[in-house]
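> I am sharing query_35.csv, which consists of CSV, C-alpha atoms:
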```
chain,number,residue,atom,x,y,z
A,94,MET,CA,-45.8,55.3,35.6
A,95,SER,CA,-45.2,57.8,32.8
A,96,HIS,CA,-41.6,58.2,33.9
A,97,PHE,CA,-41.0,54.5,33.7
A,98,TYR,CA,-42.1,54.3,30.0
A,99,TYR,CA,-40.0,57.3,29.2
A,100,TYR,CA,-36.8,55.9,30.6
A,101,PHE,CA,-37.5,52.5,29.0
A,102,PHE,CA,-38.1,54.2,25.6
A,103,GLU,CA,-34.9,56.2,26.0
A,104,PHE,CA,-33.0,53.1,26.9
A,105,GLU,CA,-34.2,51.3,23.7
A,106,ILE,CA,-33.1,54.2,21.5
A,107,THR,CA,-29.7,54.3,23.1
A,108,MET,CA,-29.1,50.6,22.6
A,109,GLY,CA,-30.2,50.9,19.0
A,110,ILE,CA,-27.7,53.7,18.4
A,111,LEU,CA,-24.9,51.6,20.0
A,112,ASP,CA,-25.7,48.6,17.8
A,113,LYS,CA,-25.5,50.6,14.7
A,114,THR,CA,-22.3,52.2,15.8
A,115,GLN,CA,-20.7,48.8,16.6
A,116,MET,CA,-21.9,47.4,13.3
A,117,LYS,CA,-20.4,50.3,11.4
A,118,GLN,CA,-17.1,49.9,13.3
A,119,ILE,CA,-17.0,46.2,12.5
A,120,TRP,CA,-17.7,46.8,8.8
A,121,ASN,CA,-15.0,49.5,8.7
A,122,GLU,CA,-12.5,47.1,10.3
A,123,ARG,CA,-13.6,44.1,8.2
A,124,ARG,CA,-10.1,43.7,6.6
A,125,ILE,CA,-8.4,43.6,10.0
A,126,ASN,CA,-11.0,41.2,11.3
A,127,LEU,CA,-10.5,39.0,8.3
A,128,TRP,CA,-6.8,38.6,9.0
A,129,LEU,CA,-7.6,37.9,12.6
A,130,TRP,CA,-9.9,35.0,11.5
A,131,ILE,CA,-7.2,33.7,9.1
A,132,GLU,CA,-4.6,33.8,11.9
A,133,LEU,CA,-7.0,32.0,14.3
A,134,TRP,CA,-7.7,29.4,11.6
A,135,LEU,CA,-3.9,28.9,11.0
A,136,VAL,CA,-3.3,28.5,14.7
A,137,SER,CA,-6.1,26.0,14.9
A,138,VAL,CA,-4.6,23.9,12.1
A,139,VAL,CA,-1.1,24.0,13.6
A,140,LEU,CA,-2.5,23.0,17.0
A,141,TRP,CA,-4.5,20.2,15.5
A,142,TYR,CA,-1.5,18.9,13.7
A,143,VAL,CA,0.7,19.1,16.8
A,144,VAL,CA,-1.9,17.4,19.0
A,145,ASP,CA,-2.5,14.7,16.4
A,146,GLU,CA,1.2,14.0,16.0
A,147,LEU,CA,1.7,13.8,19.8
A,148,TYR,CA,-1.2,11.5,20.3
A,149,THR,CA,-0.1,9.2,17.5
A,150,THR,CA,3.4,9.1,18.8
A,151,ALA,CA,2.3,8.3,22.3
A,152,TYR,CA,-0.2,5.7,21.1
A,153,VAL,CA,2.5,3.9,19.1
A,154,TYR,CA,5.1,4.1,22.0
A,155,LEU,CA,2.6,2.6,24.5
A,156,GLU,CA,1.8,-0.3,22.2
A,157,PRO,CA,3.3,-3.7,23.3
A,158,LYS,CA,6.7,-4.1,21.6
A,159,GLY,CA,6.6,-7.9,21.7
A,160,PHE,CA,10.1,-8.1,23.2
A,161,SER,CA,11.9,-6.9,26.3
A,162,ILE,CA,15.5,-5.7,26.8
A,163,GLU,CA,15.2,-5.4,30.6
A,164,ASP,CA,18.3,-6.8,32.3
A,165,THR,CA,19.8,-7.6,28.9
A,166,TYR,CA,23.5,-6.9,28.1
A,167,LEU,CA,25.2,-6.7,24.7
A,168,LEU,CA,28.8,-8.0,24.2
A,169,HIS,CA,30.9,-7.2,21.1
A,170,ILE,CA,33.6,-9.8,20.7
A,171,GLY,CA,36.3,-9.6,18.0
A,172,THR,CA,39.3,-11.6,16.9
A,173,LEU,CA,42.9,-10.3,16.9
A,174,THR,CA,45.2,-11.3,14.0
A,175,PRO,CA,48.9,-12.2,14.5
A,176,ASN,CA,49.7,-8.7,13.1
A,177,SER,CA,48.2,-7.0,16.2
A,178,HIS,CA,50.6,-6.0,18.9
A,179,GLU,CA,48.0,-7.3,21.4
A,180,TYR,CA,47.9,-10.8,19.9
A,181,LEU,CA,48.9,-13.6,22.2
A,182,SER,CA,50.0,-16.8,20.5
A,183,ARG,CA,49.3,-20.2,21.9
A,184,SER,CA,52.2,-22.5,21.1
A,185,GLY,CA,51.3,-26.0,20.4
A,186,GLU,CA,47.6,-25.3,20.3
A,187,GLU,CA,45.6,-25.4,17.1
A,188,GLU,CA,41.9,-24.7,17.3
A,189,LYS,CA,39.2,-24.1,14.8
A,190,ALA,CA,38.0,-20.6,14.2
A,191,GLY,CA,35.3,-19.6,16.7
A,192,THR,CA,36.2,-22.1,19.4
A,193,ASP,CA,37.1,-19.4,21.9
A,194,LEU,CA,33.8,-17.6,21.2
A,195,LEU,CA,31.8,-20.8,21.9
A,196,ARG,CA,33.8,-21.3,25.0
A,197,ILE,CA,33.0,-17.8,26.2
A,198,VAL,CA,29.3,-18.4,25.5
A,199,GLU,CA,29.2,-21.6,27.3
A,200,ARG,CA,30.9,-20.2,30.4
A,201,LEU,CA,28.4,-17.3,30.5
A,202,ARG,CA,25.5,-19.7,30.1
A,203,LEU,CA,26.8,-21.7,33.1
A,204,HIS,CA,27.0,-18.6,35.3
A,205,PRO,CA,24.3,-18.8,38.0
A,206,GLU,CA,23.2,-15.2,37.5
A,207,VAL,CA,22.8,-15.5,33.7
A,208,GLU,CA,19.4,-16.6,32.4
A,209,ALA,CA,20.2,-17.0,28.7
A,210,VAL,CA,22.9,-16.3,26.2
A,211,SER,CA,22.6,-16.0,22.4
A,212,LEU,CA,24.9,-15.4,19.5
A,213,SER,CA,23.5,-13.3,16.6
A,214,ILE,CA,24.3,-11.5,13.4
A,215,ASN,CA,22.5,-8.2,12.7
A,216,SER,CA,19.6,-9.4,14.8
A,217,TYR,CA,19.6,-7.8,18.3
A,218,HIS,CA,17.0,-5.1,18.8
A,219,TYR,CA,17.9,-1.4,18.1
A,220,ASN,CA,21.0,-2.3,16.2
A,221,GLY,CA,20.0,-0.5,13.0
A,222,SER,CA,21.6,-3.1,10.8
A,223,ASN,CA,19.4,-5.8,9.5
A,224,SER,CA,19.0,-8.7,7.1
A,225,HIS,CA,15.9,-9.0,5.0
A,226,THR,CA,14.3,-11.5,2.6
A,227,ASN,CA,10.9,-12.3,1.2
A,228,VAL,CA,8.6,-14.8,2.9
A,229,SER,CA,6.0,-16.2,0.6
A,230,ILE,CA,3.0,-18.6,0.6
A,231,ASP,CA,0.5,-19.0,-2.2
A,232,THR,CA,0.0,-15.5,-3.7
A,233,LEU,CA,1.2,-13.7,-0.5
A,234,SER,CA,4.7,-12.4,-0.2
A,235,SER,CA,6.3,-9.8,2.1
A,236,GLY,CA,9.8,-8.6,3.0
A,237,ALA,CA,10.7,-9.5,6.6
A,238,LEU,CA,13.5,-9.1,9.0
A,239,ARG,CA,15.6,-12.2,9.3
A,240,ARG,CA,16.7,-12.9,12.9
A,241,ARG,CA,19.9,-14.8,12.5
A,242,ALA,CA,20.7,-16.1,16.0
A,243,THR,CA,21.0,-19.1,18.2
A,244,ALA,CA,17.7,-20.4,19.6
A,245,ASP,CA,18.2,-18.7,23.0
A,246,PHE,CA,17.6,-15.4,21.3
A,247,LEU,CA,13.9,-16.0,22.0
A,248,LYS,CA,14.7,-16.3,25.7
A,249,VAL,CA,17.0,-13.4,25.9
A,250,PHE,CA,14.4,-11.0,24.5
A,251,ARG,CA,11.4,-12.9,26.0
A,252,TYR,CA,9.3,-13.6,22.9
A,253,GLN,CA,5.9,-15.0,23.6
A,254,GLY,CA,3.8,-17.2,21.4
A,255,ILE,CA,0.4,-16.1,20.1
A,256,GLN,CA,-1.1,-19.1,21.9
A,257,GLY,CA,0.7,-18.3,25.1
A,258,GLU,CA,3.8,-20.4,24.4
A,259,THR,CA,6.8,-19.5,26.6
A,260,PRO,CA,10.2,-18.9,25.0
A,261,GLU,CA,11.3,-22.4,26.1
A,262,GLU,CA,8.3,-23.9,24.4
A,263,LEU,CA,9.0,-21.9,21.2
A,264,ILE,CA,12.7,-23.1,21.2
A,265,SER,CA,11.6,-26.8,21.6
A,266,LEU,CA,9.5,-26.4,18.4
A,267,LEU,CA,12.5,-25.4,16.4
A,268,THR,CA,14.4,-28.7,17.0
A,269,GLU,CA,12.7,-30.1,13.9
A,270,LYS,CA,14.5,-29.7,10.6
A,271,ASN,CA,13.4,-27.0,8.1
A,272,THR,CA,11.1,-25.1,10.5
A,273,PHE,CA,10.8,-21.5,11.4
A,274,ILE,CA,8.9,-19.1,13.7
A,275,ALA,CA,7.4,-15.7,12.7
A,276,GLY,CA,5.6,-12.8,14.2
A,277,ASP,CA,1.8,-12.5,13.8
A,278,ASN,CA,2.3,-9.1,12.0
A,279,LEU,CA,4.3,-10.6,9.1
A,280,TYR,CA,1.6,-9.9,6.5
A,281,GLN,CA,-0.2,-7.1,8.3
A,282,ARG,CA,1.3,-4.2,6.4
A,283,GLU,CA,0.6,-5.5,2.9
A,284,TYR,CA,-2.5,-7.6,3.5
A,285,GLY,CA,-3.8,-6.7,6.9
A,286,ILE,CA,-4.1,-10.4,7.9
A,287,SER,CA,-3.0,-12.4,10.9
A,288,LEU,CA,-0.4,-15.1,10.5
A,289,ARG,CA,-1.8,-17.5,13.1
A,290,SER,CA,-4.1,-19.3,10.6
A,291,PHE,CA,-1.0,-20.3,8.5
A,292,ALA,CA,0.7,-22.3,11.4
A,293,GLY,CA,1.7,-25.7,10.2
A,294,ARG,CA,2.0,-24.7,6.5
A,295,ASP,CA,5.1,-24.5,4.3
A,296,PHE,CA,6.5,-21.2,3.2
A,297,TYR,CA,9.3,-20.4,0.7
A,298,PHE,CA,12.0,-17.8,1.0
A,299,GLY,CA,13.8,-15.4,-1.2
A,300,GLY,CA,11.6,-16.2,-4.2
A,301,ASP,CA,13.0,-19.8,-4.3
A,302,THR,CA,10.1,-22.2,-4.3
A,303,LEU,CA,12.5,-25.1,-3.4
A,304,ASN,CA,13.7,-23.3,-0.3
A,305,THR,CA,10.8,-24.2,2.0
A,306,ARG,CA,10.3,-24.3,5.7
A,307,ARG,CA,7.3,-25.1,7.9
A,308,LEU,CA,5.8,-22.5,10.2
A,309,VAL,CA,5.7,-24.2,13.6
A,310,ALA,CA,4.7,-21.3,15.8
A,311,VAL,CA,3.6,-17.7,15.6
A,312,THR,CA,4.7,-15.2,18.2
A,313,GLN,CA,3.0,-12.0,19.5
A,314,PRO,CA,3.6,-9.1,17.0
A,315,VAL,CA,7.1,-7.8,17.4
A,316,ARG,CA,7.8,-4.1,16.6
A,317,TYR,CA,11.0,-2.9,15.1
A,318,SER,CA,11.5,-0.1,17.7
A,319,ASP,CA,9.8,2.0,20.3
A,320,PHE,CA,8.3,4.4,17.7
A,321,SER,CA,7.6,1.9,14.9
A,322,PRO,CA,3.9,0.9,14.6
A,323,VAL,CA,3.2,-2.8,14.8
A,324,TYR,CA,2.3,-3.1,11.1
A,325,SER,CA,5.6,-1.5,9.9
A,326,SER,CA,7.7,-4.7,9.8
A,327,GLY,CA,7.5,-8.4,10.4
A,328,TYR,CA,10.2,-10.9,11.3
A,329,PHE,CA,11.0,-14.6,11.1
A,330,PHE,CA,13.4,-16.8,13.0
A,331,MET,CA,14.8,-20.1,12.0
```
Represent the structure of the file as C-alpha cells.

Amino acid sequence: MSHFYYYFFEFEITMGILDKTQMKQIWNERRINLWLWIELWLVSVVLWYVVDELYTTAYVYLEPKGFSIEDTYLLHIGTLTPNSHEYLSRSGEEEKAGTDLLRIVERLRLHPEVEAVSLSINSYHYNGSNSHTNVSIDTLSSGALRRRATADFLKVFRYQGIQGETPEELISLLTEKNTFIAGDNLYQREYGISLRSFAGRDFYFGGDTLNTRRLVAVTQPVRYSDFSPVYSSGYFFM
C-alpha cells in the first residue's frame, strides 16, 4: 500500500514539472506563436471570403432567370449596297426597304419546325448592347431595359406572366394601343417593391408625362444574365 502512494506522489511531481516546463517554453516562444495565430486568422478570413463568394455566385446562378434560350437560334441579317461586289440587282423590281427581311421572317415562321420568330433591336438576351429609359409612376422612377422587338419575342424566350399567363396570352394583351408589359422586378432595386399591384395603371416614359402607356401585364422577374441578381435590372416591353 505504501508503494502505491509513493508512485502516485512521484507521478504528480513529474507532471507538475512537465507543466511548468511547457508553460515556460510557450512563454519563450510567444512571438512565434503570435505570428502563427495571426496567420491562422488571415487564412480563416480568406477562406470565409472565398466560401461566401462561391455561395453567393452559386445562389444567384441557380435563381430562375425568367427566360429560356433553349433551342433558340440567332440570325444576323445585313443589307448589301450597290457598291458591294456581292450585290445582285433586280431589274424591274422596286421594293421598300426591309421587304426582303419581312419575307425571310414570314418564311421562317411558316416552317413546321419553327415555333416562333421575332425581330429585335438591342434586345435579345446576352447581347451586351441595350437600350434604357426611365419608367415612372407617381413618385417612383427607375431606369429599365427597353426590349424593342416584335411581339413574338415573348414566345421565343418563353416569358411567363406573374399570374401564370402564357406567352401567347401576354401577346394578346399587347394588341391594345399604348400598352406595355414589364417584369415584376422593375422597381425592386430602388424601392424593394413588386410591380404586380400596379397592373392596369398608366406610366410615363423618359420623364415625359405626356408619353404614357398602360401596364397590361406583369411577368415573372427577368434577370439580365446568369450571374446578375434578380434585383439588378428591370425591363419593359411594348
> Nearest to Leu267 of chain A among A:Leu212, A:Ile230, A:Leu203, A:Ala310, with distances taken over only C-alpha atoms: which residue is it?
A:Ala310
> Which one of A:Ala292, A:Val143, A:Val315, A:Leu238 sits closest to Gly276 of chain A if you count all atoms listed in the file?
A:Val315
> Which polymer residues have any atom within 7 Å of an atom of Ser287 of chain A, counting only C-alpha atoms, with same-chain residues fewer than 4 positions away left out, as an mmCIF file with C-alpha atoms, in the coordinates of the input?

```cif
data_model
loop_
_atom_site.group_PDB
_atom_site.id
_atom_site.type_symbol
_atom_site.label_atom_id
_atom_site.label_comp_id
_atom_site.auth_asym_id
_atom_site.auth_seq_id
_atom_site.Cartn_x
_atom_site.Cartn_y
_atom_site.Cartn_z
ATOM 1 C CA ASP A 277 1.800 -12.500 13.800
ATOM 2 C CA ASN A 278 2.300 -9.100 12.000
ATOM 3 C CA TYR A 280 1.600 -9.900 6.500
ATOM 4 C CA GLN A 281 -0.200 -7.100 8.300
#
```
> Please identify all polymer residues within 7 Å of Gly159 of chain A, counting only C-alpha atoms, omitting same-chain residues fewer than 3 positions from it, and present them as a list in words.
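Here the qualifying residues turn out to be Tyr252, Gln313, Pro314, Val315 and Arg316 of chain A.
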> Of the candidates A:Tyr166, A:Phe330, A:Tyr219, A:Phe320, which shows the shortest atom-to-atom distance to Ala244 of chain A, using all atoms listed in the file?
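For Ala244 of chain A, the nearest of the candidates is A:Phe330.
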> Give the answer as one residue: which of A:Arg202, A:Arg196, A:Arg282, A:Arg241 has the shortest atom-to-atom distance to His218 of chain A, using all atoms listed in the file?
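Of all the options, A:Arg241 lies closest to His218 of chain A.
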> So how many Å separate atom CA of Lys248 of chain A and atom CA of Glu261 of chain A, to one decimal?
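Atom-to-atom, atom CA of Lys248 of chain A to atom CA of Glu261 of chain A, that is 7.0 Å.
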> Please report the interatomic distance between atom CA of Gly300 of chain A and atom CA of Asp231 of chain A in Å with one decimal.
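Straight-line distance from atom CA of Gly300 of chain A to atom CA of Asp231 of chain A works out to 11.6 Å.
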> By how many Å are atom CA of Val207 of chain A and atom CA of Thr243 of chain A apart?
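Atom-to-atom, atom CA of Val207 of chain A and atom CA of Thr243 of chain A are spaced 16.0 Å apart.
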> A:Gly327, A:Leu263, A:Gly191, A:Glu146: which is nearest Ser224 of chain A, counting all atoms listed in the file?
A:Gly327
> Can you tell me, as a list in words, what residues are no more than 12 Å from Ser265 of chain A when counting only C-alpha atoms, ignoring any on the same chain fewer than 6 positions away?
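Using only C-alpha atoms, the neighbours found are Ala244, Asp245, Leu247, Lys248, Glu258, Thr259, Thr272, Phe273, Ile274, Val309 and Ala310 of chain A.
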> Which is closest to Val323 of chain A among A:Arg307, A:Leu279, A:Arg251, A:Ile214, if we use all atoms listed in the file?
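When distances to Val323 of chain A are compared using all atoms listed in the file, the smallest one comes from A:Leu279.
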> Would you mind listing what lies within 8 Å of Thr226 of chain A as a ChimeraX atom specification, with only C-alpha atoms counted and same-chain residues fewer than 4 positions away left out?
/A:236-239,298-299
> Show which residues sit within 10 Å of Tyr297 of chain A, as an MDAnalysis selection string. Count all atoms listed in the file, and ignore same-chain residues fewer than 4 positions away.
chainID A and resid 227:231 234 301:307
> List the residues sitting within 7 Å of (19.1, -14.1, 28.9) in the file's frame, using all atoms listed in the file, as a PyMOL selection string.
chain A and resi 165+207-210+248-249
